[in-house]
Every structure is written in structure tokens, then in C-alpha cells.
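Source file: run_24.txt. Holds: compact mmCIF, C-alpha atoms and all ligand atoms.
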```txt
# COMPACT_ATOMS: atom_id res chain seq x y z
CA MET C 1 80.38 109.49 68.85
CA VAL C 2 77.14 111.47 68.92
CA LEU C 3 74.18 110.46 66.81
CA PRO C 4 71.97 113.55 66.79
CA GLU C 5 68.93 111.84 65.39
CA VAL C 6 67.63 108.35 65.98
CA ARG C 7 64.36 107.49 64.32
CA ARG C 8 63.31 104.12 65.63
CA GLU C 9 64.59 101.93 68.46
CA GLY C 10 65.86 99.20 66.15
CA ASP C 11 67.73 101.72 64.03
CA LEU C 12 70.25 102.40 66.72
CA ALA C 13 71.42 98.83 67.27
CA LYS C 14 71.61 98.31 63.52
CA PHE C 15 73.58 101.49 63.09
CA VAL C 16 76.00 100.58 65.85
CA GLU C 17 76.57 97.13 64.39
CA LYS C 18 77.16 98.52 60.91
CA ARG C 19 79.62 101.09 62.17
CA MET C 20 81.45 98.49 64.19
CA ASP C 21 81.78 96.08 61.31
CA ALA C 22 83.07 98.84 59.09
CA PHE C 23 85.60 99.92 61.68
CA VAL C 24 86.81 96.46 62.64
CA GLY C 25 87.03 95.41 58.99
CA HIS C 26 88.95 98.51 57.98
CA PRO C 27 92.69 97.97 57.66
CA PHE C 28 94.91 100.77 59.00
CA ARG C 29 98.28 100.99 57.32
CA VAL C 30 101.33 102.22 59.18
CA ASN C 31 104.43 102.07 57.01
CA ASP C 32 104.35 98.50 55.74
CA ALA C 33 102.31 97.02 58.54
CA VAL C 34 98.55 96.54 58.43
CA PHE C 35 96.55 96.82 61.63
CA ARG C 36 92.98 95.88 62.36
CA ILE C 37 91.71 97.45 65.53
CA PRO C 38 89.15 95.79 67.76
CA CYS C 39 86.59 97.94 69.53
CA LYS C 40 83.79 97.83 72.09
CA ILE C 41 80.87 100.21 72.36
CA GLY C 42 78.80 101.44 75.29
CA ALA C 43 75.75 103.53 74.40
CA ALA C 44 73.33 105.77 76.28
CA VAL C 45 70.16 107.28 74.79
CA TYR C 46 68.73 110.75 75.36
CA PRO C 47 66.49 111.47 77.20
CA GLU C 48 65.81 108.10 78.85
CA ASP C 49 69.37 107.57 80.04
CA GLY C 50 70.19 111.13 81.03
CA ALA C 51 69.15 114.72 80.50
CA SER C 52 72.64 116.19 80.22
CA ALA C 53 75.69 115.36 78.13
CA GLU C 54 77.59 114.61 81.31
CA ILE C 55 75.16 112.02 82.58
CA LEU C 56 74.77 110.47 79.13
CA PHE C 57 78.52 110.17 78.90
CA MET C 58 78.83 108.65 82.35
CA ASN C 59 76.14 106.08 81.61
CA ALA C 60 77.64 105.24 78.22
CA GLU C 61 80.89 104.59 80.06
CA ALA C 62 79.17 102.31 82.54
CA ALA C 63 77.82 100.33 79.57
CA LEU C 64 81.25 100.28 77.94
CA LYS C 65 82.86 99.01 81.11
CA LYS C 66 80.33 96.21 81.30
CA ALA C 67 80.88 95.34 77.62
CA LYS C 68 84.64 95.20 78.17
CA ALA C 69 84.28 92.99 81.20
CA GLY C 70 81.92 90.60 79.45
CA GLY C 71 81.93 89.13 75.98
CA GLU C 72 79.56 91.64 74.36
CA ARG C 73 80.70 93.78 71.45
CA TYR C 74 78.34 96.57 72.42
CA LEU C 75 75.88 97.28 75.19
CA PHE C 76 73.15 99.83 75.79
CA TYR C 77 72.98 101.38 79.19
CA THR C 78 70.50 99.93 81.66
CA GLN C 79 69.58 101.14 85.11
CA ASN C 80 71.13 98.22 87.01
CA MET C 81 74.57 98.96 85.58
CA ASN C 82 74.88 101.88 87.93
CA GLU C 83 73.26 99.92 90.69
CA SER C 84 76.12 97.42 90.58
CA ALA C 85 78.60 100.31 90.50
CA ALA C 86 76.86 101.74 93.56
CA ALA C 87 76.97 98.36 95.28
CA ALA C 88 80.70 98.15 94.57
CA LEU C 89 81.17 101.57 96.08
CA THR C 90 79.42 100.64 99.31
CA LEU C 91 81.47 97.44 99.55
CA GLU C 92 84.64 99.49 99.22
CA ASN C 93 83.49 101.81 102.00
CA GLN C 94 82.47 98.90 104.17
CA LEU C 95 85.88 97.28 103.74
CA ARG C 96 87.66 100.49 104.70
CA GLN C 97 85.51 100.63 107.79
CA ALA C 98 86.12 96.97 108.51
CA LEU C 99 89.84 97.67 108.55
CA ASP C 100 89.40 100.65 110.89
CA ASN C 101 87.03 98.73 113.18
CA GLY C 102 89.19 95.62 113.34
CA GLU C 103 86.56 93.39 111.74
CA PHE C 104 89.02 91.15 109.89
CA VAL C 105 89.98 87.89 111.59
CA LEU C 106 92.37 85.08 110.79
CA HIS C 107 91.24 81.48 110.89
CA TYR C 108 93.77 78.68 111.05
CA GLN C 109 93.66 75.43 109.13
CA PRO C 110 96.06 72.71 110.30
CA LYS C 111 98.57 71.04 108.00
CA VAL C 112 99.14 67.43 108.91
CA ASP C 113 102.24 65.31 108.37
CA LEU C 114 101.01 62.32 106.37
CA ALA C 115 103.54 59.90 107.85
CA THR C 116 103.10 60.74 111.54
CA GLY C 117 99.64 62.30 111.63
CA ARG C 118 101.02 65.25 113.60
CA ILE C 119 100.14 68.90 113.09
CA VAL C 120 103.19 70.52 111.55
CA GLY C 121 101.83 73.88 110.49
CA ALA C 122 98.81 76.06 109.92
CA GLU C 123 97.56 78.27 107.12
CA ALA C 124 96.14 81.64 108.10
CA LEU C 125 92.97 82.35 106.10
CA ILE C 126 91.36 85.72 106.37
CA ARG C 127 87.65 86.31 107.02
CA TRP C 128 85.65 89.45 107.41
CA ASN C 129 83.46 89.43 110.47
CA ASP C 130 80.76 91.71 109.06
CA PRO C 131 78.55 92.84 111.97
CA ARG C 132 75.53 92.88 109.62
CA THR C 133 75.89 89.47 107.99
CA GLY C 134 78.51 87.48 109.91
CA LEU C 135 81.63 85.84 108.52
CA VAL C 136 82.41 86.66 104.89
CA PRO C 137 84.85 84.38 102.99
CA PRO C 138 87.86 85.98 101.26
CA GLY C 139 86.65 85.17 97.75
CA ARG C 140 83.94 87.78 98.24
CA PHE C 141 86.16 90.70 99.24
CA ILE C 142 89.78 90.09 98.21
CA PRO C 143 89.13 91.10 94.58
CA MET C 144 87.72 94.42 95.84
CA LEU C 145 90.68 94.89 98.21
CA GLU C 146 92.95 94.38 95.20
CA ASP C 147 90.97 96.72 92.95
CA THR C 148 91.14 99.49 95.50
CA GLY C 149 94.71 98.96 96.70
CA LEU C 150 93.38 98.27 100.23
CA ILE C 151 95.04 94.86 99.97
CA GLN C 152 98.34 96.45 100.97
CA GLU C 153 97.00 97.48 104.34
CA VAL C 154 94.89 94.39 104.92
CA GLY C 155 97.78 92.15 103.85
CA ARG C 156 100.07 93.96 106.27
CA TRP C 157 97.49 93.46 109.00
CA ALA C 158 97.30 89.71 108.28
CA LEU C 159 101.08 89.40 108.41
CA HIS C 160 101.31 91.20 111.75
CA GLN C 161 98.36 89.30 113.21
CA ALA C 162 99.83 85.91 112.25
CA ILE C 163 103.19 86.83 113.79
CA ALA C 164 101.47 88.09 116.94
CA ASP C 165 99.50 84.83 117.23
CA TYR C 166 102.64 82.76 116.72
CA LEU C 167 104.55 84.68 119.38
CA ARG C 168 101.61 84.41 121.76
CA TRP C 169 101.65 80.62 121.30
CA CYS C 170 105.39 80.56 122.01
CA GLY C 171 104.96 82.77 125.06
CA ALA C 172 102.17 80.60 126.45
CA GLY C 173 104.32 77.50 126.15
CA LEU C 174 102.08 75.98 123.48
CA ALA C 175 103.43 73.73 120.76
CA ALA C 176 103.60 76.65 118.32
CA VAL C 177 103.60 75.69 114.64
CA ARG C 178 104.77 77.67 111.65
CA ILE C 179 102.03 79.85 110.16
CA ALA C 180 101.64 80.27 106.42
CA VAL C 181 100.30 83.66 105.32
CA ASN C 182 98.89 84.23 101.84
CA VAL C 183 100.44 87.07 99.89
CA SER C 184 98.57 88.84 97.12
CA PRO C 185 100.35 89.45 93.82
CA LEU C 186 99.96 93.18 94.39
CA GLN C 187 101.78 92.95 97.71
CA LEU C 188 104.64 90.99 96.21
CA ARG C 189 105.05 93.55 93.45
CA HIS C 190 104.97 96.53 95.81
CA ARG C 191 108.40 98.06 96.20
CA ASP C 192 108.09 98.36 100.00
CA PHE C 193 107.02 94.75 100.51
CA LEU C 194 110.38 93.31 101.52
CA ALA C 195 111.03 96.18 103.91
CA GLU C 196 107.60 95.65 105.45
CA VAL C 197 108.17 91.94 105.95
CA GLY C 198 111.54 92.72 107.52
CA LYS C 199 109.89 95.18 109.87
CA ALA C 200 107.14 92.73 110.78
CA ILE C 201 109.57 90.00 111.83
CA GLY C 202 111.89 92.54 113.43
CA ILE C 203 109.81 92.63 116.61
CA ASP C 204 111.08 89.27 117.86
CA ALA C 205 113.97 86.97 117.01
CA ARG C 206 111.63 83.95 116.85
CA ALA C 207 109.21 85.51 114.36
CA ALA C 208 110.92 84.51 111.10
CA ALA C 209 111.05 80.84 112.04
CA GLY C 210 107.31 80.94 112.66
CA LEU C 211 106.45 82.30 109.26
CA GLU C 212 105.91 81.00 105.75
CA LEU C 213 104.60 83.06 102.82
CA GLU C 214 102.30 81.45 100.24
CA ILE C 215 102.48 82.86 96.77
CA THR C 216 100.27 81.70 93.93
CA GLU C 217 102.04 79.96 91.12
CA SER C 218 100.53 82.09 88.35
CA VAL C 219 101.88 85.21 90.02
CA ILE C 220 105.42 83.94 90.17
CA MET C 221 105.30 83.00 86.51
CA GLU C 222 104.07 86.42 85.42
CA ASP C 223 107.33 88.07 86.25
CA VAL C 224 109.84 85.35 86.96
CA ARG C 225 112.94 87.43 87.35
CA HIS C 226 111.45 89.87 89.83
CA SER C 227 109.75 87.03 91.70
CA ILE C 228 113.00 85.09 92.06
CA ALA C 229 114.77 88.12 93.49
CA SER C 230 111.95 88.81 95.97
CA LEU C 231 111.63 85.19 97.06
CA GLU C 232 115.38 84.95 97.59
CA ALA C 233 115.28 88.02 99.80
CA ILE C 234 112.40 86.57 101.81
CA ARG C 235 114.23 83.30 102.37
CA ALA C 236 117.38 85.14 103.33
CA MET C 237 115.36 86.53 106.25
CA GLY C 238 114.73 82.97 107.46
CA ILE C 239 111.14 82.87 106.24
CA ARG C 240 109.91 79.91 104.22
CA VAL C 241 108.23 80.27 100.85
CA ALA C 242 105.47 78.07 99.41
CA ILE C 243 104.08 77.98 95.89
CA ASP C 244 100.30 77.97 96.27
CA ASP C 245 97.76 76.41 93.90
CA PHE C 246 100.48 74.55 92.02
CA GLY C 247 99.35 73.14 88.70
CA THR C 248 97.13 76.06 87.77
CA GLY C 249 99.80 78.45 86.57
CA PHE C 250 101.70 76.70 83.77
CA SER C 251 105.13 76.79 85.37
CA SER C 252 107.84 75.73 83.07
CA LEU C 253 109.75 72.83 84.54
CA SER C 254 113.05 74.58 84.10
CA TYR C 255 111.91 77.29 86.49
CA LEU C 256 110.71 74.94 89.17
CA ALA C 257 114.28 74.00 90.04
CA ARG C 258 115.42 77.60 90.03
CA LEU C 259 112.63 79.09 92.11
CA PRO C 260 113.76 79.87 95.63
CA THR C 261 111.00 77.98 97.44
CA ASP C 262 110.65 75.35 100.13
CA THR C 263 107.19 73.99 99.57
CA LEU C 264 104.85 73.21 96.74
CA LYS C 265 101.12 73.08 97.38
CA ILE C 266 99.19 70.90 94.95
CA ASP C 267 95.99 72.63 93.97
CA ARG C 268 92.74 71.18 95.25
CA SER C 269 91.46 70.48 91.72
CA PHE C 270 94.21 67.86 91.22
CA VAL C 271 93.52 66.23 94.56
CA ASN C 272 89.87 66.12 93.56
CA ASP C 273 90.52 64.43 90.21
CA MET C 274 92.99 61.99 91.73
CA THR C 275 90.35 59.44 92.70
CA ASP C 276 88.32 59.78 89.49
CA THR C 277 90.69 58.69 86.74
CA PRO C 278 94.04 56.89 86.43
CA GLU C 279 95.35 60.00 84.64
CA GLY C 280 94.36 62.14 87.59
CA LEU C 281 96.28 59.88 89.91
CA SER C 282 99.40 59.74 87.79
CA LEU C 283 99.36 63.52 87.47
CA VAL C 284 99.51 63.91 91.24
CA ALA C 285 102.18 61.20 91.46
CA THR C 286 104.24 63.05 88.86
CA ILE C 287 103.94 66.40 90.63
CA ILE C 288 105.06 64.83 93.91
CA ASN C 289 108.05 63.10 92.33
CA LEU C 290 109.00 66.20 90.44
CA ALA C 291 108.85 68.35 93.56
CA HIS C 292 110.89 65.83 95.56
CA SER C 293 113.49 65.66 92.84
CA VAL C 294 114.14 69.37 93.28
CA LYS C 295 114.04 69.03 97.08
CA LEU C 296 110.66 70.63 97.68
CA LYS C 297 108.24 69.55 100.36
CA VAL C 298 104.76 68.78 99.03
CA VAL C 299 101.46 69.72 100.62
CA ALA C 300 98.16 68.49 99.16
CA GLU C 301 95.36 71.04 99.41
CA GLY C 302 91.66 70.35 99.84
CA VAL C 303 91.88 66.76 101.06
CA GLU C 304 88.31 65.72 101.82
CA THR C 305 88.21 61.91 101.83
CA ASP C 306 90.02 58.99 103.46
CA GLU C 307 90.68 57.59 100.01
CA GLN C 308 92.52 60.75 98.96
CA SER C 309 94.63 60.80 102.10
CA ARG C 310 95.44 57.09 101.74
CA LEU C 311 96.59 57.56 98.15
CA LEU C 312 98.61 60.64 99.02
CA ARG C 313 100.40 58.72 101.76
CA LEU C 314 101.18 55.95 99.27
CA LEU C 315 102.56 58.52 96.86
CA ASN C 316 104.88 59.89 99.59
CA CYS C 317 103.20 63.27 99.73
CA ASP C 318 104.58 65.05 102.82
CA GLU C 319 101.62 66.93 104.23
CA MET C 320 97.92 67.39 103.72
CA GLN C 321 95.45 70.08 104.48
CA GLY C 322 91.69 69.86 104.08
CA PHE C 323 88.23 69.38 105.51
CA LEU C 324 88.95 65.68 106.15
CA PHE C 325 91.17 66.70 109.01
CA SER C 326 89.79 70.12 109.87
CA GLN C 327 88.08 73.24 108.56
CA PRO C 328 89.89 76.54 109.12
CA LEU C 329 89.19 77.48 112.77
CA PRO C 330 89.17 80.65 114.88
CA ALA C 331 92.54 81.07 116.62
CA GLU C 332 91.23 80.20 120.13
CA ILE C 333 89.69 76.96 118.95
CA PHE C 334 92.73 76.03 116.87
CA GLU C 335 95.02 76.60 119.87
CA ALA C 336 92.87 74.70 122.31
CA ARG C 337 92.33 71.78 119.97
CA TYR C 338 95.75 71.34 118.40
CA LEU C 339 98.47 73.15 120.30
CA THR C 340 97.83 72.27 123.92
CA GLN C 341 98.28 68.49 124.18
CA SER C 342 101.82 68.09 122.95
CA ALA C 343 102.86 71.12 125.01
CA SER C 344 102.39 69.29 128.28
CA PRO C 345 105.50 67.34 129.34
P1 LIG C 401 94.20 79.22 99.27
O1 LIG C 401 95.37 79.93 99.83
O2 LIG C 401 94.46 78.23 98.19
O3 LIG C 401 93.46 78.58 100.51
C1 LIG C 401 92.81 77.35 100.48
C2 LIG C 401 91.32 77.50 100.42
O4 LIG C 401 90.74 76.21 100.34
C3 LIG C 401 90.69 78.16 101.63
O5 LIG C 401 89.55 78.87 101.21
C4 LIG C 401 90.26 76.95 102.47
O6 LIG C 401 89.22 77.24 103.38
C5 LIG C 401 89.78 76.05 101.37
N1 LIG C 401 89.83 74.64 101.78
C6 LIG C 401 90.65 74.04 102.67
N2 LIG C 401 90.41 72.73 102.75
C7 LIG C 401 89.39 72.47 101.88
C8 LIG C 401 88.68 71.27 101.50
O7 LIG C 401 88.94 70.17 101.98
N3 LIG C 401 87.72 71.40 100.56
C9 LIG C 401 87.41 72.61 100.00
N4 LIG C 401 86.43 72.65 99.10
N5 LIG C 401 88.05 73.74 100.33
C10 LIG C 401 89.03 73.68 101.25
P2 LIG C 401 89.26 80.34 101.73
O8 LIG C 401 89.58 80.45 103.17
O9 LIG C 401 87.88 80.70 101.26
O10 LIG C 401 90.35 81.19 100.95
C11 LIG C 401 90.30 81.33 99.57
C12 LIG C 401 91.50 82.04 99.03
O11 LIG C 401 91.56 83.38 99.50
C13 LIG C 401 92.83 81.42 99.49
O12 LIG C 401 93.13 80.29 98.69
C14 LIG C 401 93.77 82.57 99.27
O13 LIG C 401 94.18 82.63 97.93
C15 LIG C 401 92.91 83.77 99.57
N6 LIG C 401 93.23 84.28 100.92
C16 LIG C 401 92.86 83.83 102.12
N7 LIG C 401 93.39 84.58 103.12
C17 LIG C 401 94.16 85.52 102.52
C18 LIG C 401 95.00 86.60 103.00
O14 LIG C 401 95.18 86.82 104.20
N8 LIG C 401 95.62 87.36 102.06
C19 LIG C 401 95.46 87.12 100.72
N9 LIG C 401 96.10 87.93 99.85
N10 LIG C 401 94.71 86.13 100.23
C20 LIG C 401 94.06 85.33 101.13
MG MG C 402 97.13 79.52 100.48
MG MG C 403 95.74 77.08 97.44
```
Just dump the structure as C-alpha cells.
Ligand code: C2E
Ligand code: MG
Ligand code: MG
Amino acid sequence: MVLPEVRREGDLAKFVEKRMDAFVGHPFRVNDAVFRIPCKIGAAVYPEDGASAEILFMNAEAALKKAKAGGERYLFYTQNMNESAAAALTLENQLRQALDNGEFVLHYQPKVDLATGRIVGAEALIRWNDPRTGLVPPGRFIPMLEDTGLIQEVGRWALHQAIADYLRWCGAGLAAVRIAVNVSPLQLRHRDFLAEVGKAIGIDARAAAGLELEITESVIMEDVRHSIASLEAIRAMGIRVAIDDFGTGFSSLSYLARLPTDTLKIDRSFVNDMTDTPEGLSLVATIINLAHSVKLKVVAEGVETDEQSRLLRLLNCDEMQGFLFSQPLPAEIFEARYLTQSASP
């Protein structure tokens, strides 16, 4: 919409609001149905926000995008909107370069058997070793990898790296443990994913037994039928499957029994609340019992205190993972610290 003439600053906001109310309040009739259509507005003002129609349009779109992402009904363009777009663009370029330059690394966090205290597995957690700033945690770049589709390549890299590390441990006579690799929803949905996993484990007969894939609960629930088929195919290759962040994704109980999985990972938030209230504790107890009743192994995530680990042991939780036992560690340190002792006869 072009407003050729704006008299005073305040006029514009008032005008936009009036138009919006009229539009949103207006019923549209199609046959017998009545529709009310929501809308969002991004606005740019000539000449401050651009000297040409093209630039005005681009800046209005930047404002619209921001309004859509946030709660605002309408937004006027401001300079820093494009600054954040520019920042996003450089991050994307930096991540592409990081992939080319081999700047991603996997850290390993041990999973501990609660009954025996032994290390029974490890989760591979990706970090970006940015030469400018040092290690960057995945929360800061995975969303961008997903937005740009780069997650397919980076996810493939993580899978291959974890398998390579596992085989290196086997080859060196270390007490190799199964490695869990996180899989992004976008990877799971990609039609080549199963073929890629097959190819990745195809390099060595021992690879499948050294691998577990962690898939977030919410993702499985989004498209249950497709997820079940994919998870079945993964397990048929001899790879284990874990449901990550369990409790955050509103699984229906009837699906839990049908999902082709081996392990259920209780989300950190539940472990956290466990020691605060009786309800928190009984929730964790219920999840553990439920999982056991459908023959799933249970791992508690984010265990930070002795009290939490004591309670989890009492509740018959199978494994724990968390800062109490160890932070995620670079592969060399993980190997030296946890895989060497039991390897010696
Ligand atoms: P996640 O798979 O649920 O991983 C657990 C996260 O909890 C990790 O964060 C880990 O460092 C952290 N953590 C472990 N123990 C504790 C604890 O005791 N206390 C607290 N406060 N935190 C603990 P991280 O490494 O930052 O990873 C965050 C998320 O990024 C992961 O959540 C996973 O969803 C994702 N991610 C990590 N690596 C990959 C990857 O290779 N591919 C994909 N697609 N996602 C990944
Ligand atoms: Mg995980
Ligand atoms: Mg998790």
C-alpha cells in the first residue's frame, strides 16, 4: 500500500492502526463461511528510509519480517533492522567457511550406568572452533544452519566424525563406547537421510554397533507416521535410537509403545525440578516406570547434584549424563580419561 502524502509523523501510525482495525474487523464471506483475516504491517517512510521505491520496499519488508517474528501488529523500519540482517548474513558466510576449513569439532559427554558407575556411552555434541572467538556452543549456530540448509552437510560431517572416532577407539584397543549423535529434524525429514546413514556405517562392519541417533521428541510427534518408518529403518541397520528431551514434546502415551526406539532421555528441566517439589519427583518416577513398562532404557539428562543422582538411582533410572560426572570433553581428553583404564587387561 502506498500513502502518497503523510502530513505529520503521528498521522501515519494512526492511519496504519485505523486501516488495520478496519481490515481485521471486516468479515469476508465465501459461500456460507465467514473469514476474518489477520494481518501484519511493515512500513518504510520516504525519504528517510530510502530514496527509491526498491529500497523503500526492501526496508518495509525488513520491518514486516521483524513484526511477524515478534508480537507487534505493525512496525516502522529502523536502521538496526538491516544491521541484524547483515549480521545474519555474515554468520551464514562464516559457517560455510567453518565447514570448508574444518572448524567444527565434536565434544564427548560420558553417560554413566547408575548401578555400576561405569561409562556405558557418550553423546557427541558439536562445537564451532571459531578462530576469532574460540569455542561457540551449538545453540548459537544450529538455528542458522537449519535456516540455511547447511545442517544437512554439517550433520553429515558429525555423523562421519563420530563413526571415525569410534572406529579409531576400536582400532587402538580402547574400551570403545557407543556414541550418540544428535539428528536435526531437517535431516530426519530429508529423503536421502536413510541412504546417507547407510553409507556412513557402510565403511566398517563395527560402525552400526557403535552408533545411536538422538531425535528430539517434538520432532517425532510432528509427523508420527513418517518418523516411525524412518526410525524402523534406522534400527534395522543395527543402529540404536533415542528420544531426546523427553517430556517437552507432548507425546501421546499410545505412541510411546509404538515408537521404534531403544532409549528415552528425560529432559534436564524435569531432573532440575525433581529435587524442588514432590510433584517434580513423582513426575520423574512416572516417566521412568512408563519407559520401563514399554522396555525402554532411561537416561537422565543434565544431572548436576549428588542428590539428583541418588534419587535417580533409587527410582531405577538406568543411566545419567551431566556436569556432576563430566562436562562434554574434546575427544582426546575423553579417550584418555575414560577409555584407557578398562582397556588394559
Ligand atoms: P541435547 O542433545 O539435549 O544435549 C544436551 C545439552 O545439555 C548439551 O548442550 C550439554 O552440554 C548440556 N548439558 C549436559 N549436562 C548438563 C548439565 O549437567 N547441566 C546443564 N545445564 N547442561 C548440561 P550443548 O552441547 O550446548 O548442546 C545443545 C543442543 O544442541 C543439544 O541438546 C542438541 O539438541 C544440539 N546439538 C548438539 N550437537 C548437535 C549436532 O551434532 N547436531 C544437531 N543437529 N544438534 C546438535
Ligand atoms: Mg542429545
Ligand atoms: Mg536433550
Could you list, with a cut-off of 6 Å and counting only C-alpha atoms and all ligand atoms, the residues of chain C near ligand MG 403 (chain C), each shown with its nearest atom pair and the distance in Å rounded to one decimal, rows sorted by chain and ascending number, as a tab-separated table?
```
residue	atom	partner	partner_atom	distance
C:Asp244	CA	C:MG403	MG	4.8
C:Asp245	CA	C:MG403	MG	4.1
C:Asp267	CA	C:MG403	MG	5.6
```
For each of C:Leu186, C:Ala229, C:Ala158, C:Ala300, take the minimum atom-to-atom distance to ligand LIG 401 (chain C), counting all atoms listed in the file, then give the residue where this is smallest. C:Ala158
Interatomic distance, CA of Val16 (chain C) to CA of Val45 (chain C) (Å, one decimal): 12.6 Å
So that I can check the surroundings of Ala209 (chain C), please list as a compact mmCIF listing (two decimals) with C-alpha atoms, keeping the file's coordinate frame every protein, DNA and RNA residue that reaches within 9 Å of it, counting all atoms listed in the file and ignoring chain neighbours fewer than 5 positions away.
```txt
# COMPACT_ATOMS: atom_id res chain seq x y z
CA ARG C 178 104.77 77.67 111.65
CA GLY C 238 114.73 82.97 107.46
CA ILE C 239 111.14 82.87 106.24
CA ARG C 240 109.91 79.91 104.22
```
For ligand LIG 401 (chain C), collect every residue having any atom at a distance of at most 8 Å from a ligand atom (counting only C-alpha atoms and all ligand atoms); output as a VMD selection string. chain C and resid 106 to 107 109 123 to 127 137 to 139 142 151 154 to 155 158 to 159 181 to 185 187 214 216 244 to 245 267 to 268 301 to 304 321 to 324 326 to 328
From CA of Glu307 (chain C) to CA of Met274 (chain C) the spacing works out at 9.7 Å
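In this model, the gap between CA of Gly50 (chain C) and CA of Ala13 (chain C) comes to 18.5 Å.
Distance check against ligand MG 402 (chain C) using all atoms listed in the file: of C:Thr263, C:Thr133, C:Asn272, C:Asn289, the minimum falls on C:Thr263.
For Glu48 (chain C), the set of protein, DNA and RNA residues having any atom at most 12 Å away, when counting only C-alpha atoms and skipping those fewer than 2 positions along the same chain, is Ala43, Ala44, Val45, Tyr46, Gly50, Ala51, Ser52, Ile55, Leu56, Asn59, Phe76, Tyr77, Thr78 and Gln79 of chain C.
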Polymer residues at most 10 Å from region 166-168 of chain C, all atoms listed in the file, same-chain spacing of 4 or more positions, as a ChimeraX atom specification: /C:160-162,172-179,203-207,209-211
Prev. selection, C-alpha atoms, output as a compact mmCIF listing (two decimals), in the coordinates of the input:
```txt
# COMPACT_ATOMS: atom_id res chain seq x y z
CA HIS C 160 101.31 91.20 111.75
CA GLN C 161 98.36 89.30 113.21
CA ALA C 162 99.83 85.91 112.25
CA ALA C 172 102.17 80.60 126.45
CA GLY C 173 104.32 77.50 126.15
CA LEU C 174 102.08 75.98 123.48
CA ALA C 175 103.43 73.73 120.76
CA ALA C 176 103.60 76.65 118.32
CA VAL C 177 103.60 75.69 114.64
CA ARG C 178 104.77 77.67 111.65
CA ILE C 179 102.03 79.85 110.16
CA ILE C 203 109.81 92.63 116.61
CA ASP C 204 111.08 89.27 117.86
CA ALA C 205 113.97 86.97 117.01
CA ARG C 206 111.63 83.95 116.85
CA ALA C 207 109.21 85.51 114.36
CA ALA C 209 111.05 80.84 112.04
CA GLY C 210 107.31 80.94 112.66
CA LEU C 211 106.45 82.30 109.26
```
Find, counting all atoms listed in the file, the residue in C:Lys111, C:Arg313, C:Arg191, C:Lys199 that gets nearest to ligand MG 402 (chain C).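 Of all the options, C:Lys111 lies closest to ligand MG 402 (chain C).
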